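Trainee: File name upload16.cif; file contents mmCIF, C-alpha atoms; full text below.
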data_start
loop_
_atom_site.label_atom_id
_atom_site.label_comp_id
_atom_site.auth_asym_id
_atom_site.auth_seq_id
_atom_site.Cartn_x
_atom_site.Cartn_y
_atom_site.Cartn_z
CA MET Y 1 149.78 212.42 75.04
CA THR Y 2 149.45 209.75 72.38
CA PRO Y 3 150.37 206.16 73.07
CA VAL Y 4 153.38 204.91 71.16
CA PRO Y 5 153.32 201.22 70.23
CA LEU Y 6 156.43 199.39 71.29
CA PRO Y 7 158.04 196.94 68.88
CA THR Y 8 157.35 193.37 69.79
CA VAL Y 9 160.32 191.12 70.27
CA PRO Y 10 159.54 187.49 69.51
CA PRO Y 11 160.23 185.26 72.50
CA PRO Y 12 162.85 182.55 72.20
CA GLN Y 13 161.34 179.34 70.88
CA ARG Y 14 161.89 175.97 72.45
CA HIS Y 15 160.95 172.90 70.48
CA THR Y 16 160.95 169.49 72.12
CA VAL Y 17 160.57 165.93 70.90
CA ALA Y 18 157.34 164.17 71.78
CA PRO Y 19 157.60 160.70 73.32
CA GLY Y 20 157.76 158.02 70.66
CA ARG Y 21 158.86 160.49 67.96
CA SER Y 22 162.59 159.85 68.27
CA LEU Y 23 165.15 157.13 67.80
CA ALA Y 24 168.72 156.69 69.00
CA GLU Y 25 171.03 153.80 68.24
CA LEU Y 26 174.55 152.95 69.38
CA THR Y 27 176.58 150.72 67.05
CA ALA Y 28 179.98 149.23 67.90
CA TRP Y 29 182.28 148.76 64.89
CA TYR Y 30 185.49 146.78 64.52
CA GLY Y 31 187.05 148.02 61.30
CA PRO Y 32 184.37 147.66 58.61
CA LEU Y 33 182.26 145.20 60.61
CA PRO Y 34 179.35 146.25 62.81
CA LEU Y 35 179.52 144.06 65.92
CA ARG Y 36 176.61 145.26 68.00
CA ARG Y 37 173.62 147.51 67.48
CA ARG Y 38 171.53 148.65 70.37
CA ARG Y 39 168.66 151.07 70.61
CA VAL Y 40 169.24 153.68 73.26
CA PRO Y 41 166.25 155.47 74.81
CA LEU Y 42 166.28 159.19 74.12
CA ALA Y 43 165.04 160.57 77.42
CA ALA Y 44 164.65 164.13 76.16
CA ALA Y 45 165.65 166.30 73.24
CA SER Y 46 165.20 170.01 72.70
CA MET Y 47 166.08 172.74 70.24
CA GLU Y 48 166.14 176.37 71.30
CA THR Y 49 166.25 179.27 68.90
CA PRO Y 50 167.19 182.65 70.41
CA GLN Y 51 165.07 185.74 69.85
CA ASP Y 52 167.80 187.57 67.92
CA ALA Y 53 167.75 184.92 65.13
CA GLY Y 54 171.12 183.54 66.12
CA GLN Y 55 172.15 179.93 65.81
CA PRO Y 56 169.98 177.33 67.54
CA SER Y 57 171.19 175.10 70.33
CA PHE Y 58 170.43 171.39 70.51
CA ARG Y 59 170.35 169.08 73.54
CA PHE Y 60 169.92 165.30 73.49
CA GLU Y 61 169.68 163.25 76.70
CA PHE Y 62 170.29 159.50 76.51
CA ASP Y 63 169.15 157.22 79.32
CA ASP Y 64 170.27 153.60 79.20
CA ARG Y 65 172.19 151.35 81.53
CA GLU Y 66 175.13 151.42 79.09
CA LEU Y 67 174.89 155.03 77.96
CA ARG Y 68 173.75 157.76 80.33
CA ALA Y 69 174.90 160.90 78.60
CA VAL Y 70 173.90 164.38 77.48
CA LEU Y 71 174.92 165.79 74.11
CA THR Y 72 174.81 169.58 73.90
CA SER Y 73 175.70 171.67 70.87
CA GLU Y 74 178.10 174.58 71.11
CA GLN Y 75 178.12 175.58 67.45
CA VAL Y 76 175.66 174.81 64.67
CA ASP Y 77 176.78 175.29 61.06
CA THR Y 78 174.63 174.95 57.98
CA VAL Y 79 176.13 172.81 55.24
CA PRO Y 80 174.91 172.86 51.62
CA GLY Y 81 172.28 170.29 50.83
CA ASP Y 82 169.92 170.96 53.77
CA ARG Y 83 172.34 169.66 56.38
CA LEU Y 84 173.45 170.82 59.81
CA GLN Y 85 176.77 170.20 61.48
CA LEU Y 86 176.74 170.31 65.27
CA THR Y 87 179.94 170.71 67.21
CA GLY Y 88 179.38 169.96 70.85
CA ASP Y 89 180.16 167.92 73.91
CA LEU Y 90 178.98 164.51 75.04
CA ALA Y 91 178.84 164.68 78.83
CA LEU Y 92 179.51 161.12 79.97
CA ASN Y 93 180.48 160.18 83.54
CA GLY Y 94 181.09 163.84 84.36
CA VAL Y 95 183.54 164.34 81.49
CA ALA Y 96 182.83 166.38 78.34
CA PHE Y 97 183.97 164.53 75.19
CA PRO Y 98 184.03 166.54 71.92
CA VAL Y 99 181.58 165.31 69.27
CA LEU Y 100 180.78 166.23 65.68
CA LEU Y 101 177.17 165.34 64.85
CA ARG Y 102 176.14 165.65 61.21
CA LEU Y 103 172.40 166.03 60.78
CA ARG Y 104 170.34 165.86 57.59
CA VAL Y 105 167.12 167.86 57.60
CA VAL Y 106 164.47 165.46 56.26
CA GLU Y 107 161.48 167.74 56.62
CA ARG Y 108 161.09 171.35 57.65
CA ASP Y 109 157.83 173.16 58.30
CA GLU Y 110 156.98 176.34 60.14
CA ASP Y 111 156.50 174.55 63.46
CA ARG Y 112 158.28 171.24 62.86
CA LEU Y 113 161.79 169.97 62.10
CA LEU Y 114 162.65 166.34 61.34
CA VAL Y 115 166.36 165.48 61.45
CA VAL Y 116 168.46 162.33 61.11
CA GLY Y 117 172.17 162.23 61.84
CA ALA Y 118 175.15 160.31 63.14
CA ALA Y 119 178.31 160.93 65.11
CA LYS Y 120 181.37 158.70 64.88
CA LEU Y 121 183.27 158.28 68.13
CA PRO Y 122 186.70 156.66 68.50
CA TYR Y 123 186.14 153.99 71.14
CA ARG Y 124 189.64 153.89 72.59
CA LEU Y 125 189.77 157.66 73.16
CA LEU Y 126 186.24 157.68 74.57
CA ARG Y 127 187.11 154.86 76.97
CA ARG Y 128 190.29 156.56 78.17
CA ALA Y 129 188.69 159.99 78.59
CA THR Y 130 185.36 159.05 80.17
CA GLY Y 131 185.67 155.49 81.46
CA PHE Y 132 182.87 154.29 79.15
CA ARG Y 133 183.25 150.56 78.50
CA LEU Y 134 181.50 148.02 76.37
CA PRO Y 135 181.38 144.37 77.44
CA TRP Y 136 184.80 142.70 77.20
CA ARG Y 137 183.70 140.38 74.37
CA ILE Y 138 183.12 143.30 71.97
CA PRO Y 139 186.45 144.47 70.50
CA ALA Y 140 185.27 147.81 69.09
CA THR Y 141 187.45 150.39 67.36
CA ARG Y 142 184.75 153.02 66.97
CA LEU Y 143 181.16 153.76 67.89
CA ARG Y 144 178.41 155.33 65.83
CA LEU Y 145 175.65 157.24 67.58
CA LEU Y 146 172.61 157.57 65.31
CA VAL Y 147 169.91 160.08 66.21
CA ALA Y 148 166.55 160.71 64.57
CA ALA Y 149 164.21 163.26 66.12
CA GLU Y 150 161.12 165.26 65.25
CA PHE Y 151 161.11 168.67 66.95
CA ALA Y 152 157.67 170.26 67.21
#
What's the structure tokens form of this structure?
Mentor:
Amino acid sequence: MTPVPLPTVPPPQRHTVAPGRSLAELTAWYGPLPLRRRRVPLAAASMETPQDAGQPSFRFEFDDRELRAVLTSEQVDTVPGDRLQLTGDLALNGVAFPVLLRLRVVERDEDRLLVVGAAKLPYRLLRRATGFRLPWRIPATRLRLLVAAEFA
């Protein structure tokens, strides 16, 4: 009996963001005017690629007294020009709010991915759906969530 080598299936890869290698910012806008910018700590971020070479899944966890939320991707589309478009949910106060996060791939290596992107959120709809509120003295019409992360 001769041994038959079995094909090796590559395991799913999970890339995380090292501490200090990420940035998140929440900006409140009123029309064309930015009213408030605030850095939001990115508690954790991960990217998982399945073993069957399907689409990756992204997860960003924000931990701040104003914004405690988790953004998870449901669908990842590639856009021409080295860009990714993530359709997902922002879980805030137990409610999933739909989000479109557009990421630009700044640098891509075999074991590293550097992305920068932003999501625009309508403040009134977000407030009604999730109960998220800014201080009363900030009359925002929309929010921009900026994310920069280096997955390694």
Trainee: For a cutoff of 12 Å around the file-coordinate point (187.4, 149.0, 58.1), which residues qualify once you count all atoms listed in the file? I'd like the result as a VMD selection string.
Mentor: chain Y and resid 29 to 34 140 to 142
Trainee: Report the distance between CA of Phe97 (chain Y) and CA of Leu84 (chain Y) in Å, rounded to one decimal place.
Mentor: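 Spanning CA of Phe97 (chain Y) to CA of Leu84 (chain Y) is a straight-line distance of 19.7 Å.
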Trainee: Please compute the CA of Val76 (chain Y)-CA of Leu103 (chain Y) distance, one decimal, in Å.
Mentor: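 Atom-to-atom, CA of Val76 (chain Y) to CA of Leu103 (chain Y), that is 10.1 Å.
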Trainee: I need the residue nearest Pro50 (chain Y) from this list: Y:Arg127, Y:Arg65, Y:Arg14, Y:Arg38. Use all atoms listed in the file for the distance.
Mentor: Y:Arg14
Trainee: Hey, can you check how far CA of Leu92 (chain Y) sits from CA of Arg112 (chain Y)?
Mentor: 29.1 Å
Trainee: Here is a test: counting only C-alpha atoms, which residue of Y:Gln75, Y:Gln13, Y:Thr27, Y:Ser46 is nearest to Ala118 (chain Y)?
Mentor: Y:Thr27
Trainee: Identify which of the residues Y:Leu42, Y:Val17, Y:Pro56, Y:Arg104 lies closest to Val79 (chain Y), counting all atoms listed in the file when measuring atom-to-atom distances.
Mentor: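 Ranked by minimum distance to Val79 (chain Y), first place goes to Y:Arg104.
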Trainee: Residues around (176.2, 180.1, 65.6), cut-off 12 Å, counting all atoms listed in the file - what are they as a ChimeraX atom specification?
Mentor: /Y:49-50,52-58,73-78,84-88
Trainee: Show me, as a PyMOL selection string, the residues that have an atom within 7 Å of Pro41 (chain Y) when counting all atoms listed in the file, minus same-chain residues fewer than 3 positions from it.
Mentor: chain Y and resi 24+62-64
Trainee: Go ahead and save the residues from that selection, with C-alpha atoms, as a compact mmCIF listing (two decimals), in the frame of the given file.
Mentor:
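Written output follows (selection27.txt):
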# COMPACT_ATOMS: atom_id res chain seq x y z
CA ALA Y 24 168.72 156.69 69.00
CA PHE Y 62 170.29 159.50 76.51
CA ASP Y 63 169.15 157.22 79.32
CA ASP Y 64 170.27 153.60 79.20
Trainee: Can you pull out every residue within 12 Å of Ala149 (chain Y), counting only C-alpha atoms, but drop anything in the same chain fewer than 5 positions away, and send it as an NGL selection string?
Mentor: :Y and (15-25 or 41-47 or 58-61 or 103-107 or 112-118)
Trainee: Using the chain letters and numbers from this file, what does the PyMOL selection byres ((chain Y and resi 125) around 12) select? Give the answer as a VMD selection string.
Mentor: chain Y and resid 97 to 99 120 to 124 126 to 133 140 to 143
Trainee: Between Y:Leu90, Y:Leu134, Y:Asp109, Y:Ala119, which residue has the minimum interatomic distance to Glu150 (chain Y), considering only C-alpha atoms?
Mentor: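 Selected residue with least distance to Glu150 (chain Y): Y:Asp109.
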Trainee: If we count all atoms listed in the file, what is near Leu26 (chain Y) at a cut-off of 8 Å, once residues fewer than 2 positions away on the same chain are taken out, given as a list of chain:residue names?
Mentor: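 What passes the distance filter is Y:Ala24, Y:Ala28, Y:Arg37, Y:Arg38, Y:Arg39, Y:Val40, Y:Leu143, Y:Arg144, Y:Leu145, Y:Leu146.
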Trainee: Using the partial input, fill out region 126-137 of chain Y with all heavy atoms; write the result as a PDB file, in the coordinates of the input.
Mentor:
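So the final result, stored in selection27.pdb, reads:
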ATOM      1  N   LEU Y 126     187.409 157.496  73.710  1.00  0.00           N
ATOM      2  CA  LEU Y 126     186.240 157.680  74.570  1.00  0.00           C
ATOM      3  C   LEU Y 126     186.400 156.894  75.872  1.00  0.00           C
ATOM      4  O   LEU Y 126     186.080 157.390  76.953  1.00  0.00           O
ATOM      5  CB  LEU Y 126     184.979 157.233  73.831  1.00  0.00           C
ATOM      6  CG  LEU Y 126     183.653 157.435  74.548  1.00  0.00           C
ATOM      7  CD1 LEU Y 126     183.326 158.912  74.644  1.00  0.00           C
ATOM      8  CD2 LEU Y 126     182.542 156.697  73.832  1.00  0.00           C
ATOM      9  N   ARG Y 127     186.914 155.683  75.774  1.00  0.00           N
ATOM     10  CA  ARG Y 127     187.110 154.860  76.970  1.00  0.00           C
ATOM     11  C   ARG Y 127     188.145 155.469  77.900  1.00  0.00           C
ATOM     12  O   ARG Y 127     187.964 155.510  79.111  1.00  0.00           O
ATOM     13  CB  ARG Y 127     187.531 153.447  76.549  1.00  0.00           C
ATOM     14  CG  ARG Y 127     187.596 152.486  77.725  1.00  0.00           C
ATOM     15  CD  ARG Y 127     188.061 151.127  77.301  1.00  0.00           C
ATOM     16  NE  ARG Y 127     189.471 151.212  76.949  1.00  0.00           N
ATOM     17  CZ  ARG Y 127     190.061 150.445  76.035  1.00  0.00           C
ATOM     18  NH1 ARG Y 127     189.367 149.572  75.369  1.00  0.00           N
ATOM     19  NH2 ARG Y 127     191.337 150.577  75.789  1.00  0.00           N
ATOM     20  N   ARG Y 128     189.243 155.969  77.331  1.00  0.00           N
ATOM     21  CA  ARG Y 128     190.290 156.560  78.170  1.00  0.00           C
ATOM     22  C   ARG Y 128     189.837 157.869  78.820  1.00  0.00           C
ATOM     23  O   ARG Y 128     190.177 158.144  79.967  1.00  0.00           O
ATOM     24  CB  ARG Y 128     191.542 156.826  77.335  1.00  0.00           C
ATOM     25  CG  ARG Y 128     192.297 155.583  77.019  1.00  0.00           C
ATOM     26  CD  ARG Y 128     193.538 155.898  76.233  1.00  0.00           C
ATOM     27  NE  ARG Y 128     194.219 154.676  75.856  1.00  0.00           N
ATOM     28  CZ  ARG Y 128     195.148 154.622  74.932  1.00  0.00           C
ATOM     29  NH1 ARG Y 128     195.509 155.708  74.292  1.00  0.00           N
ATOM     30  NH2 ARG Y 128     195.718 153.474  74.642  1.00  0.00           N
ATOM     31  N   ALA Y 129     189.077 158.675  78.070  1.00  0.00           N
ATOM     32  CA  ALA Y 129     188.690 159.990  78.590  1.00  0.00           C
ATOM     33  C   ALA Y 129     187.550 159.902  79.597  1.00  0.00           C
ATOM     34  O   ALA Y 129     187.544 160.624  80.589  1.00  0.00           O
ATOM     35  CB  ALA Y 129     188.295 160.897  77.431  1.00  0.00           C
ATOM     36  N   THR Y 130     186.566 159.041  79.343  1.00  0.00           N
ATOM     37  CA  THR Y 130     185.360 159.050  80.170  1.00  0.00           C
ATOM     38  C   THR Y 130     185.172 157.799  81.015  1.00  0.00           C
ATOM     39  O   THR Y 130     184.316 157.780  81.892  1.00  0.00           O
ATOM     40  CB  THR Y 130     184.113 159.205  79.284  1.00  0.00           C
ATOM     41  OG1 THR Y 130     184.009 158.062  78.442  1.00  0.00           O
ATOM     42  CG2 THR Y 130     184.193 160.463  78.457  1.00  0.00           C
ATOM     43  N   GLY Y 131     185.878 156.733  80.722  1.00  0.00           N
ATOM     44  CA  GLY Y 131     185.670 155.490  81.460  1.00  0.00           C
ATOM     45  C   GLY Y 131     184.536 154.654  80.903  1.00  0.00           C
ATOM     46  O   GLY Y 131     184.177 153.628  81.486  1.00  0.00           O
ATOM     47  N   PHE Y 132     183.947 155.057  79.776  1.00  0.00           N
ATOM     48  CA  PHE Y 132     182.870 154.290  79.150  1.00  0.00           C
ATOM     49  C   PHE Y 132     183.427 152.986  78.605  1.00  0.00           C
ATOM     50  O   PHE Y 132     184.421 152.963  77.908  1.00  0.00           O
ATOM     51  CB  PHE Y 132     182.260 155.113  78.001  1.00  0.00           C
ATOM     52  CG  PHE Y 132     181.254 154.361  77.190  1.00  0.00           C
ATOM     53  CD1 PHE Y 132     179.974 154.168  77.657  1.00  0.00           C
ATOM     54  CD2 PHE Y 132     181.594 153.830  75.957  1.00  0.00           C
ATOM     55  CE1 PHE Y 132     179.034 153.478  76.910  1.00  0.00           C
ATOM     56  CE2 PHE Y 132     180.669 153.133  75.201  1.00  0.00           C
ATOM     57  CZ  PHE Y 132     179.402 152.957  75.680  1.00  0.00           C
ATOM     58  N   ARG Y 133     182.775 151.875  78.949  1.00  0.00           N
ATOM     59  CA  ARG Y 133     183.250 150.560  78.500  1.00  0.00           C
ATOM     60  C   ARG Y 133     182.104 149.727  77.965  1.00  0.00           C
ATOM     61  O   ARG Y 133     181.023 149.696  78.530  1.00  0.00           O
ATOM     62  CB  ARG Y 133     183.908 149.805  79.638  1.00  0.00           C
ATOM     63  CG  ARG Y 133     185.180 150.426  80.119  1.00  0.00           C
ATOM     64  CD  ARG Y 133     185.928 149.457  81.022  1.00  0.00           C
ATOM     65  NE  ARG Y 133     187.114 150.061  81.564  1.00  0.00           N
ATOM     66  CZ  ARG Y 133     188.270 150.118  80.923  1.00  0.00           C
ATOM     67  NH1 ARG Y 133     188.377 149.632  79.730  1.00  0.00           N
ATOM     68  NH2 ARG Y 133     189.315 150.675  81.490  1.00  0.00           N
ATOM     69  N   LEU Y 134     182.400 149.037  76.885  1.00  0.00           N
ATOM     70  CA  LEU Y 134     181.500 148.020  76.370  1.00  0.00           C
ATOM     71  C   LEU Y 134     181.851 146.695  77.036  1.00  0.00           C
ATOM     72  O   LEU Y 134     182.914 146.574  77.664  1.00  0.00           O
ATOM     73  CB  LEU Y 134     181.664 147.899  74.850  1.00  0.00           C
ATOM     74  CG  LEU Y 134     181.152 149.079  74.024  1.00  0.00           C
ATOM     75  CD1 LEU Y 134     181.562 148.907  72.572  1.00  0.00           C
ATOM     76  CD2 LEU Y 134     179.657 149.217  74.137  1.00  0.00           C
ATOM     77  N   PRO Y 135     181.004 145.678  76.902  1.00  0.00           N
ATOM     78  CA  PRO Y 135     181.380 144.370  77.440  1.00  0.00           C
ATOM     79  C   PRO Y 135     182.707 143.879  76.844  1.00  0.00           C
ATOM     80  O   PRO Y 135     183.031 144.198  75.703  1.00  0.00           O
ATOM     81  CB  PRO Y 135     180.221 143.468  77.023  1.00  0.00           C
ATOM     82  CG  PRO Y 135     179.061 144.391  76.874  1.00  0.00           C
ATOM     83  CD  PRO Y 135     179.636 145.679  76.381  1.00  0.00           C
ATOM     84  N   TRP Y 136     183.460 143.107  77.598  1.00  0.00           N
ATOM     85  CA  TRP Y 136     184.800 142.700  77.200  1.00  0.00           C
ATOM     86  C   TRP Y 136     184.809 141.880  75.910  1.00  0.00           C
ATOM     87  O   TRP Y 136     185.808 141.849  75.196  1.00  0.00           O
ATOM     88  CB  TRP Y 136     185.463 141.890  78.325  1.00  0.00           C
ATOM     89  CG  TRP Y 136     184.756 140.598  78.623  1.00  0.00           C
ATOM     90  CD1 TRP Y 136     183.745 140.413  79.510  1.00  0.00           C
ATOM     91  CD2 TRP Y 136     184.984 139.335  78.014  1.00  0.00           C
ATOM     92  NE1 TRP Y 136     183.332 139.118  79.493  1.00  0.00           N
ATOM     93  CE2 TRP Y 136     184.082 138.406  78.581  1.00  0.00           C
ATOM     94  CE3 TRP Y 136     185.869 138.869  77.044  1.00  0.00           C
ATOM     95  CZ2 TRP Y 136     184.028 137.079  78.209  1.00  0.00           C
ATOM     96  CZ3 TRP Y 136     185.814 137.536  76.684  1.00  0.00           C
ATOM     97  CH2 TRP Y 136     184.903 136.653  77.263  1.00  0.00           C
ATOM     98  N   ARG Y 137     183.713 141.231  75.553  1.00  0.00           N
ATOM     99  CA  ARG Y 137     183.700 140.380  74.370  1.00  0.00           C
ATOM    100  C   ARG Y 137     183.446 141.150  73.071  1.00  0.00           C
ATOM    101  O   ARG Y 137     183.354 140.558  72.015  1.00  0.00           O
ATOM    102  CB  ARG Y 137     182.661 139.277  74.529  1.00  0.00           C
ATOM    103  CG  ARG Y 137     181.267 139.773  74.730  1.00  0.00           C
ATOM    104  CD  ARG Y 137     180.311 138.649  75.109  1.00  0.00           C
ATOM    105  NE  ARG Y 137     178.986 139.158  75.357  1.00  0.00           N
ATOM    106  CZ  ARG Y 137     178.570 139.693  76.474  1.00  0.00           C
ATOM    107  NH1 ARG Y 137     179.391 139.787  77.492  1.00  0.00           N
ATOM    108  NH2 ARG Y 137     177.348 140.135  76.610  1.00  0.00           N
TER     109      ARG Y 137
END
